[in-house]
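To keep things clear, I will list the structure first and then write my remarks on it.
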Amino acid sequence: MTVIQTVGVIGAGQMGRGIAQVFAQSGYDVMLQDVSSDALGIAEGFIRDRLDRNVSSGKMTVGERAETLGRLSYGSSIEPLGARDLIVESATEKEAVKVAIFESLLPHLSDHTLLTTNTSSLSITRLAAHTDRPERFMGLHFMNPVPVMKLVELIRGIATDETTFKTMQEVVARLGKTGTVSEDYPAFIVNRILVPMINEAVYTLFEGVGNVASIDASMKLGANQPMGPLELADFIGLDTCLSIMGVLNDGLADSKYRPCPLLVKYVEAGWLGRKTGRGFYDYRGADGIPVPTR
Ligand code: NAD
């Protein structure tokens, strides 16, 4: 099995920063990379804040916090990531973006480096085919928020070898997470089930069956969901939800996966949910209370 000590995380958005945090907390040396220096600054502040909270709540000592921070570095250049033992790609959910990242990484990669992607829906086999090492490439799908959620889906591409798979199983265990295995089909297991449910909630809103508040209250109180589906969509990011529906629609060619036109409209407006301050709820109020937008 490959020994993993150094990790490069590409994309410092809501997932990448959480992934970097849990790897650093678990003893790995982590470099977090993003093309946006704003995203890197926000990620660094966010991770510090989370670790401070862990200390205040007694989950971590002051010394552990300092050690974790000491294992994290940040940068906008991709070249230094090439020498790492493991890459976790977690940039924007667009195939062209991910392909361009792997292609720009290739000339700098060490022979031993394992490549993984946190894609929510895209074909692992197709992404792997854009690299020089499809046998050492696989899907490592974390859940949001990464420090809290226990699951990681492990997805082999058609060429992924057993050593890579076993190595990543060990890594997931060392992170304190539970791995489940999914085949490489559009959106894997969790999002194949979850995101069409969210899309159906948006149709329910679009067709006027209920408003935002009634749809979320119905599913929380009536189906025992901890978050309503529209609240959850805002949490995931409406662009990511739309992108996953697009992959399901294209990949499975069944009309039940048609993205709701209202979801498309919110994304066109740039109302992407919590990360932009507005989605199915408006989060910009001074009191911090989310206000339904429909
Ligand atoms: P996000 O929009 O919060 O962050 C994406 C980040 O990628 C941004 O900071 C952006 O600057 C960066 N980026 C874009 N192009 C880049 C490039 N060429 N090089 C480096 N960085 C680049 O998105 P997110 O929610 O963190 O999602 C990231 C990935 O994680 C996606 O593949 C998504 O499908 C997956 N994912 C998301 C969730 C979720 O609930 N949001 C859950 C599991 C997996």
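If you're wondering about the labels, chains in the structure tokens are A, B, ... by order shown, residues count from 1 in each chain, ligands from 1 in order shown.
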Taking a cut-off of 12 Å and counting only C-alpha atoms, can you build a table that, for each residue of region 20-111 of chain A near region 166-182 of chain A, reports the nearest atom pair and how far apart they are in Å (one decimal), sorted by chain then residue number, as JSON lines?
```
{"residue": "A:Ala20", "atom": "CA", "partner": "A:Leu175", "partner_atom": "CA", "distance": 11.0}
{"residue": "A:Gln21", "atom": "CA", "partner": "A:Leu175", "partner_atom": "CA", "distance": 10.3}
{"residue": "A:Val22", "atom": "CA", "partner": "A:Leu175", "partner_atom": "CA", "distance": 6.6}
{"residue": "A:Phe23", "atom": "CA", "partner": "A:Leu175", "partner_atom": "CA", "distance": 6.5}
{"residue": "A:Ala24", "atom": "CA", "partner": "A:Leu175", "partner_atom": "CA", "distance": 9.3}
{"residue": "A:Gln25", "atom": "CA", "partner": "A:Leu175", "partner_atom": "CA", "distance": 8.2}
{"residue": "A:Ser26", "atom": "CA", "partner": "A:Leu175", "partner_atom": "CA", "distance": 5.7}
{"residue": "A:Gly27", "atom": "CA", "partner": "A:Leu175", "partner_atom": "CA", "distance": 9.0}
{"residue": "A:Tyr28", "atom": "CA", "partner": "A:Leu175", "partner_atom": "CA", "distance": 9.6}
{"residue": "A:Asp85", "atom": "CA", "partner": "A:Thr167", "partner_atom": "CA", "distance": 11.2}
{"residue": "A:Leu86", "atom": "CA", "partner": "A:Met168", "partner_atom": "CA", "distance": 9.5}
{"residue": "A:Ile87", "atom": "CA", "partner": "A:Met168", "partner_atom": "CA", "distance": 11.4}
{"residue": "A:Val88", "atom": "CA", "partner": "A:Met168", "partner_atom": "CA", "distance": 11.0}
```
Save out the residues we just selected, all heavy atoms, as a compact mmCIF listing (two decimals), in the first residue's frame.
```
# COMPACT_ATOMS: atom_id res chain seq x y z
N ALA A 20 -9.53 19.89 3.87
CA ALA A 20 -8.19 20.26 4.35
C ALA A 20 -8.15 20.19 5.87
O ALA A 20 -7.20 19.67 6.46
CB ALA A 20 -7.83 21.66 3.86
N GLN A 21 -9.19 20.69 6.51
CA GLN A 21 -9.24 20.69 7.99
C GLN A 21 -9.19 19.26 8.55
O GLN A 21 -8.39 18.98 9.45
CB GLN A 21 -10.51 21.40 8.47
CG GLN A 21 -10.62 21.44 9.99
CD GLN A 21 -11.99 21.91 10.48
OE1 GLN A 21 -12.65 22.73 9.83
NE2 GLN A 21 -12.41 21.41 11.62
N VAL A 22 -10.03 18.36 8.01
CA VAL A 22 -10.06 17.01 8.61
C VAL A 22 -8.76 16.24 8.34
O VAL A 22 -8.29 15.49 9.20
CB VAL A 22 -11.29 16.16 8.17
CG1 VAL A 22 -12.59 16.77 8.65
CG2 VAL A 22 -11.34 15.90 6.70
N PHE A 23 -8.16 16.45 7.17
CA PHE A 23 -6.86 15.79 6.92
C PHE A 23 -5.81 16.32 7.90
O PHE A 23 -5.05 15.54 8.49
CB PHE A 23 -6.41 16.03 5.47
CG PHE A 23 -6.87 14.96 4.50
CD1 PHE A 23 -7.97 15.16 3.69
CD2 PHE A 23 -6.19 13.75 4.40
CE1 PHE A 23 -8.40 14.19 2.79
CE2 PHE A 23 -6.61 12.77 3.50
CZ PHE A 23 -7.72 12.99 2.70
N ALA A 24 -5.77 17.65 8.10
CA ALA A 24 -4.76 18.23 9.00
C ALA A 24 -5.01 17.75 10.44
O ALA A 24 -4.06 17.43 11.16
CB ALA A 24 -4.78 19.76 8.91
N GLN A 25 -6.28 17.70 10.85
CA GLN A 25 -6.60 17.22 12.20
C GLN A 25 -6.16 15.77 12.40
O GLN A 25 -5.91 15.34 13.51
CB GLN A 25 -8.10 17.32 12.46
CG GLN A 25 -8.55 18.68 12.92
CD GLN A 25 -10.05 18.78 13.13
OE1 GLN A 25 -10.63 19.77 12.79
NE2 GLN A 25 -10.69 17.77 13.69
N SER A 26 -6.14 15.01 11.29
CA SER A 26 -5.81 13.58 11.39
C SER A 26 -4.32 13.33 11.20
O SER A 26 -3.90 12.19 11.01
CB SER A 26 -6.60 12.79 10.35
OG SER A 26 -7.97 13.09 10.47
N GLY A 27 -3.52 14.40 11.17
CA GLY A 27 -2.06 14.23 11.16
C GLY A 27 -1.39 14.36 9.80
O GLY A 27 -0.17 14.22 9.70
N TYR A 28 -2.15 14.61 8.74
CA TYR A 28 -1.54 14.76 7.41
C TYR A 28 -1.04 16.19 7.23
O TYR A 28 -1.64 17.15 7.75
CB TYR A 28 -2.57 14.47 6.31
CG TYR A 28 -3.06 13.04 6.30
CD1 TYR A 28 -4.23 12.68 6.97
CD2 TYR A 28 -2.34 12.05 5.64
CE1 TYR A 28 -4.69 11.37 6.96
CE2 TYR A 28 -2.79 10.72 5.63
CZ TYR A 28 -3.95 10.40 6.29
OH TYR A 28 -4.40 9.10 6.29
N ASP A 85 1.81 13.16 -1.79
CA ASP A 85 1.49 11.73 -1.92
C ASP A 85 0.07 11.53 -2.47
O ASP A 85 -0.22 10.55 -3.15
CB ASP A 85 1.55 11.03 -0.55
CG ASP A 85 2.93 11.16 0.09
OD1 ASP A 85 3.93 11.19 -0.66
OD2 ASP A 85 2.99 11.24 1.34
N LEU A 86 -0.82 12.48 -2.11
CA LEU A 86 -2.23 12.33 -2.49
C LEU A 86 -2.80 13.69 -2.89
O LEU A 86 -2.55 14.68 -2.20
CB LEU A 86 -3.02 11.79 -1.29
CG LEU A 86 -4.55 11.80 -1.39
CD1 LEU A 86 -5.03 10.80 -2.44
CD2 LEU A 86 -5.19 11.47 -0.03
N ILE A 87 -3.57 13.71 -3.97
CA ILE A 87 -4.29 14.92 -4.37
C ILE A 87 -5.79 14.65 -4.20
O ILE A 87 -6.30 13.61 -4.63
CB ILE A 87 -4.02 15.25 -5.87
CG1 ILE A 87 -2.53 15.56 -6.11
CG2 ILE A 87 -4.91 16.40 -6.35
CD1 ILE A 87 -2.02 16.84 -5.52
N VAL A 88 -6.48 15.61 -3.57
CA VAL A 88 -7.95 15.56 -3.51
C VAL A 88 -8.44 16.79 -4.26
O VAL A 88 -8.29 17.91 -3.79
CB VAL A 88 -8.48 15.58 -2.05
CG1 VAL A 88 -10.00 15.42 -2.05
CG2 VAL A 88 -7.83 14.50 -1.22
```
Alpha helix (DSSP H) positions in region 23-271 of chain A, given as a JSON list (two decimals) with C-alpha atoms, in the first residue's frame:
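Contents of states.json, as written:
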```
[["chain", "number", "residue", "atom", "x", "y", "z"],
["A", 23, "PHE", "CA", -6.86, 15.79, 6.92],
["A", 24, "ALA", "CA", -4.76, 18.23, 9.00],
["A", 25, "GLN", "CA", -6.60, 17.22, 12.20],
["A", 37, "SER", "CA", -6.92, 34.32, -3.30],
["A", 38, "ASP", "CA", -10.21, 35.50, -1.76],
["A", 39, "ALA", "CA", -11.35, 31.86, -1.42],
["A", 40, "LEU", "CA", -8.02, 30.95, 0.22],
["A", 41, "GLY", "CA", -8.31, 33.84, 2.70],
["A", 42, "ILE", "CA", -11.89, 32.89, 3.58],
["A", 43, "ALA", "CA", -10.90, 29.22, 3.94],
["A", 44, "GLU", "CA", -8.02, 30.03, 6.27],
["A", 45, "GLY", "CA", -10.26, 32.21, 8.48],
["A", 46, "PHE", "CA", -12.98, 29.56, 8.44],
["A", 47, "ILE", "CA", -10.63, 26.74, 9.49],
["A", 48, "ARG", "CA", -9.14, 28.86, 12.32],
["A", 49, "ASP", "CA", -12.63, 29.68, 13.54],
["A", 50, "ARG", "CA", -13.67, 26.00, 13.47],
["A", 51, "LEU", "CA", -10.56, 24.94, 15.39],
["A", 52, "ASP", "CA", -11.16, 27.73, 17.96],
["A", 53, "ARG", "CA", -14.66, 26.37, 18.46],
["A", 54, "ASN", "CA", -13.28, 22.85, 18.88],
["A", 55, "VAL", "CA", -11.00, 24.16, 21.66],
["A", 56, "SER", "CA", -13.83, 26.09, 23.38],
["A", 62, "VAL", "CA", -4.78, 24.34, 22.51],
["A", 63, "GLY", "CA", -1.72, 22.29, 21.58],
["A", 64, "GLU", "CA", -3.66, 20.13, 19.09],
["A", 65, "ARG", "CA", -5.08, 23.29, 17.51],
["A", 66, "ALA", "CA", -1.56, 24.70, 17.06],
["A", 67, "GLU", "CA", -0.29, 21.40, 15.60],
["A", 68, "THR", "CA", -3.23, 21.22, 13.19],
["A", 69, "LEU", "CA", -2.63, 24.80, 12.00],
["A", 70, "GLY", "CA", 1.08, 24.01, 11.62],
["A", 95, "GLU", "CA", -16.12, 18.78, -15.98],
["A", 96, "ALA", "CA", -14.10, 21.27, -18.05],
["A", 97, "VAL", "CA", -12.70, 22.86, -14.86],
["A", 98, "LYS", "CA", -11.69, 19.51, -13.39],
["A", 99, "VAL", "CA", -10.15, 18.25, -16.65],
["A", 100, "ALA", "CA", -8.11, 21.48, -16.98],
["A", 101, "ILE", "CA", -6.89, 21.09, -13.37],
["A", 102, "PHE", "CA", -5.70, 17.50, -13.89],
["A", 103, "GLU", "CA", -4.07, 18.41, -17.21],
["A", 104, "SER", "CA", -2.18, 21.33, -15.66],
["A", 105, "LEU", "CA", -1.11, 19.16, -12.72],
["A", 124, "ILE", "CA", -14.59, 8.95, -12.45],
["A", 125, "THR", "CA", -13.54, 6.85, -15.45],
["A", 126, "ARG", "CA", -13.81, 9.84, -17.81],
["A", 127, "LEU", "CA", -11.88, 12.18, -15.49],
["A", 128, "ALA", "CA", -9.23, 9.48, -14.97],
["A", 162, "GLU", "CA", -6.70, -2.57, -5.76],
["A", 163, "THR", "CA", -3.68, -0.94, -4.08],
["A", 164, "THR", "CA", -5.13, 2.52, -4.69],
["A", 165, "PHE", "CA", -8.54, 1.45, -3.43],
["A", 166, "LYS", "CA", -7.14, -0.17, -0.27],
["A", 167, "THR", "CA", -4.89, 2.82, 0.40],
["A", 168, "MET", "CA", -7.88, 5.16, 0.22],
["A", 169, "GLN", "CA", -9.95, 2.89, 2.46],
["A", 170, "GLU", "CA", -7.18, 3.21, 5.08],
["A", 171, "VAL", "CA", -7.04, 6.99, 4.65],
["A", 172, "VAL", "CA", -10.81, 7.29, 5.13],
["A", 173, "ALA", "CA", -10.58, 5.19, 8.31],
["A", 174, "ARG", "CA", -7.72, 7.37, 9.64],
["A", 190, "VAL", "CA", -26.25, 9.63, -2.04],
["A", 191, "ASN", "CA", -26.82, 12.26, -4.71],
["A", 192, "ARG", "CA", -28.67, 9.88, -7.04],
["A", 193, "ILE", "CA", -31.33, 9.72, -4.34],
["A", 194, "LEU", "CA", -30.98, 13.11, -2.62],
["A", 195, "VAL", "CA", -30.72, 15.60, -5.47],
["A", 196, "PRO", "CA", -33.79, 14.40, -7.47],
["A", 197, "MET", "CA", -35.71, 14.79, -4.18],
["A", 198, "ILE", "CA", -34.46, 18.39, -3.94],
["A", 199, "ASN", "CA", -35.33, 18.96, -7.62],
["A", 200, "GLU", "CA", -38.85, 17.64, -6.91],
["A", 201, "ALA", "CA", -39.15, 20.10, -4.00],
["A", 202, "VAL", "CA", -38.23, 22.92, -6.42],
["A", 203, "TYR", "CA", -40.93, 21.66, -8.84],
["A", 204, "THR", "CA", -43.39, 21.69, -5.92],
["A", 205, "LEU", "CA", -42.47, 25.36, -5.39],
["A", 206, "PHE", "CA", -42.49, 26.11, -9.16],
["A", 212, "VAL", "CA", -40.66, 27.79, 0.56],
["A", 213, "ALA", "CA", -41.68, 27.75, 4.23],
["A", 214, "SER", "CA", -44.49, 25.21, 3.79],
["A", 215, "ILE", "CA", -42.39, 22.83, 1.69],
["A", 216, "ASP", "CA", -39.52, 22.82, 4.19],
["A", 217, "ALA", "CA", -41.81, 22.58, 7.24],
["A", 218, "SER", "CA", -43.71, 19.71, 5.61],
["A", 219, "MET", "CA", -40.58, 17.67, 4.99],
["A", 220, "LYS", "CA", -39.05, 18.42, 8.40],
["A", 221, "LEU", "CA", -42.17, 17.65, 10.41],
["A", 222, "GLY", "CA", -43.76, 15.11, 8.07],
["A", 229, "PRO", "CA", -35.11, 20.20, 0.99],
["A", 230, "LEU", "CA", -34.91, 23.87, -0.06],
["A", 231, "GLU", "CA", -32.83, 24.78, 2.98],
["A", 232, "LEU", "CA", -30.59, 21.83, 2.11],
["A", 233, "ALA", "CA", -30.36, 22.97, -1.53],
["A", 234, "ASP", "CA", -29.13, 26.39, -0.32],
["A", 235, "PHE", "CA", -26.63, 24.64, 1.93],
["A", 236, "ILE", "CA", -25.25, 22.45, -0.89],
["A", 238, "LEU", "CA", -27.85, 25.66, -6.18],
["A", 239, "ASP", "CA", -25.18, 25.61, -8.91],
["A", 240, "THR", "CA", -23.94, 22.26, -7.59],
["A", 241, "CYS", "CA", -27.52, 20.88, -7.40],
["A", 242, "LEU", "CA", -28.20, 22.00, -10.99],
["A", 243, "SER", "CA", -24.95, 20.56, -12.20],
["A", 244, "ILE", "CA", -25.76, 17.18, -10.59],
["A", 245, "MET", "CA", -29.27, 17.17, -12.17],
["A", 246, "GLY", "CA", -27.61, 17.92, -15.53],
["A", 247, "VAL", "CA", -25.29, 14.93, -15.13],
["A", 248, "LEU", "CA", -28.21, 12.65, -14.16],
["A", 249, "ASN", "CA", -30.30, 13.95, -17.06],
["A", 250, "ASP", "CA", -27.51, 13.53, -19.62],
["A", 251, "GLY", "CA", -26.18, 10.26, -18.20],
["A", 252, "LEU", "CA", -29.43, 8.37, -17.59],
["A", 261, "PRO", "CA", -36.72, 25.58, -14.70],
["A", 262, "LEU", "CA", -36.99, 27.50, -11.41],
["A", 263, "LEU", "CA", -33.71, 25.98, -10.21],
["A", 264, "VAL", "CA", -32.14, 27.09, -13.50],
["A", 265, "LYS", "CA", -33.50, 30.62, -12.96],
["A", 266, "TYR", "CA", -32.08, 30.93, -9.45],
["A", 267, "VAL", "CA", -28.66, 29.85, -10.74],
["A", 268, "GLU", "CA", -28.90, 32.28, -13.68]]
```
- Item | Nearest candidate to ligand 1 (options A:Ser255, A:Thr2, A:Ser73, A:Thr116; using only C-alpha atoms and all ligand atoms) |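 Smallest distance to ligand 1 is found for A:Thr116.
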- Item | Counting only C-alpha atoms, the option among A:Leu72, A:Val152, A:Leu32, A:Ile189 closest to Glu89 (chain A) | A:Leu32
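Contacts with ligand 1 are defined as any residue atom within 6 Å of a ligand atom, using only C-alpha atoms and all ligand atoms; the residues meeting this criterion are Ile10, Gly11, Ala12, Gly13, Gln14, Met15, Gly16, Asp34, Val35, Ser36, Ala39, Ser90, Ala91, Thr92, Glu93, Val97, Ile101, Asn118, Thr119, Ser120, His141, Phe142, Met143, Asn144, Ile236, Gly237 and Thr240 of chain A.
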For the selection just defined, write its residues with C-alpha atoms to a file, as an mmCIF file, in the first residue's frame.
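Contents of the output file out_23.cif:
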```
data_model
loop_
_atom_site.group_PDB
_atom_site.id
_atom_site.type_symbol
_atom_site.label_atom_id
_atom_site.label_comp_id
_atom_site.auth_asym_id
_atom_site.auth_seq_id
_atom_site.Cartn_x
_atom_site.Cartn_y
_atom_site.Cartn_z
ATOM 1 C CA ILE A 10 -7.443 21.666 -4.906
ATOM 2 C CA GLY A 11 -10.352 24.104 -4.492
ATOM 3 C CA ALA A 12 -10.784 26.020 -1.208
ATOM 4 C CA GLY A 13 -14.575 26.354 -1.320
ATOM 5 C CA GLN A 14 -16.963 25.044 1.294
ATOM 6 C CA MET A 15 -15.887 21.419 0.668
ATOM 7 C CA GLY A 16 -12.144 21.900 0.072
ATOM 8 C CA ASP A 34 -7.266 27.687 -5.165
ATOM 9 C CA VAL A 35 -7.082 30.065 -8.124
ATOM 10 C CA SER A 36 -8.948 32.613 -6.016
ATOM 11 C CA ALA A 39 -11.347 31.860 -1.424
ATOM 12 C CA SER A 90 -12.499 19.625 -4.926
ATOM 13 C CA ALA A 91 -12.930 22.541 -7.331
ATOM 14 C CA THR A 92 -16.165 23.743 -8.957
ATOM 15 C CA GLU A 93 -18.476 20.967 -10.224
ATOM 16 C CA VAL A 97 -12.705 22.862 -14.859
ATOM 17 C CA ILE A 101 -6.891 21.094 -13.375
ATOM 18 C CA ASN A 118 -14.540 14.912 -4.689
ATOM 19 C CA THR A 119 -16.920 15.263 -7.646
ATOM 20 C CA SER A 120 -20.574 14.841 -6.679
ATOM 21 C CA HIS A 141 -16.834 11.824 -2.204
ATOM 22 C CA PHE A 142 -17.104 13.697 1.099
ATOM 23 C CA MET A 143 -20.350 15.020 2.568
ATOM 24 C CA ASN A 144 -21.093 18.590 3.628
ATOM 25 C CA ILE A 236 -25.255 22.453 -0.889
ATOM 26 C CA GLY A 237 -25.233 25.319 -3.435
ATOM 27 C CA THR A 240 -23.937 22.264 -7.588
#
```
- Message: Using only C-alpha atoms for the distances, tell me which of A:His112, A:His130, A:Arg258, A:Arg284 is nearest to Val3 (chain A).
- Response: A:His112
- Give me, please, the distance in Å between CA of Arg71 (chain A) and CA of Lys275 (chain A), quoted to one decimal.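 Atom-to-atom, CA of Arg71 (chain A) to CA of Lys275 (chain A), that is 26.4 Å.
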- Message: Please report the interatomic distance between CA of Asn211 (chain A) and CA of Cys260 (chain A) in Å with one decimal.
- Response: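 These two atoms are separated by 15.3 Å.
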- Task: Please return as a ChimeraX atom specification: the residues of region 15-128 of chain A that backbone DSSP assigns to strand (DSSP E or B).
- Result: /A:29-33,72-75,86-89,114-117
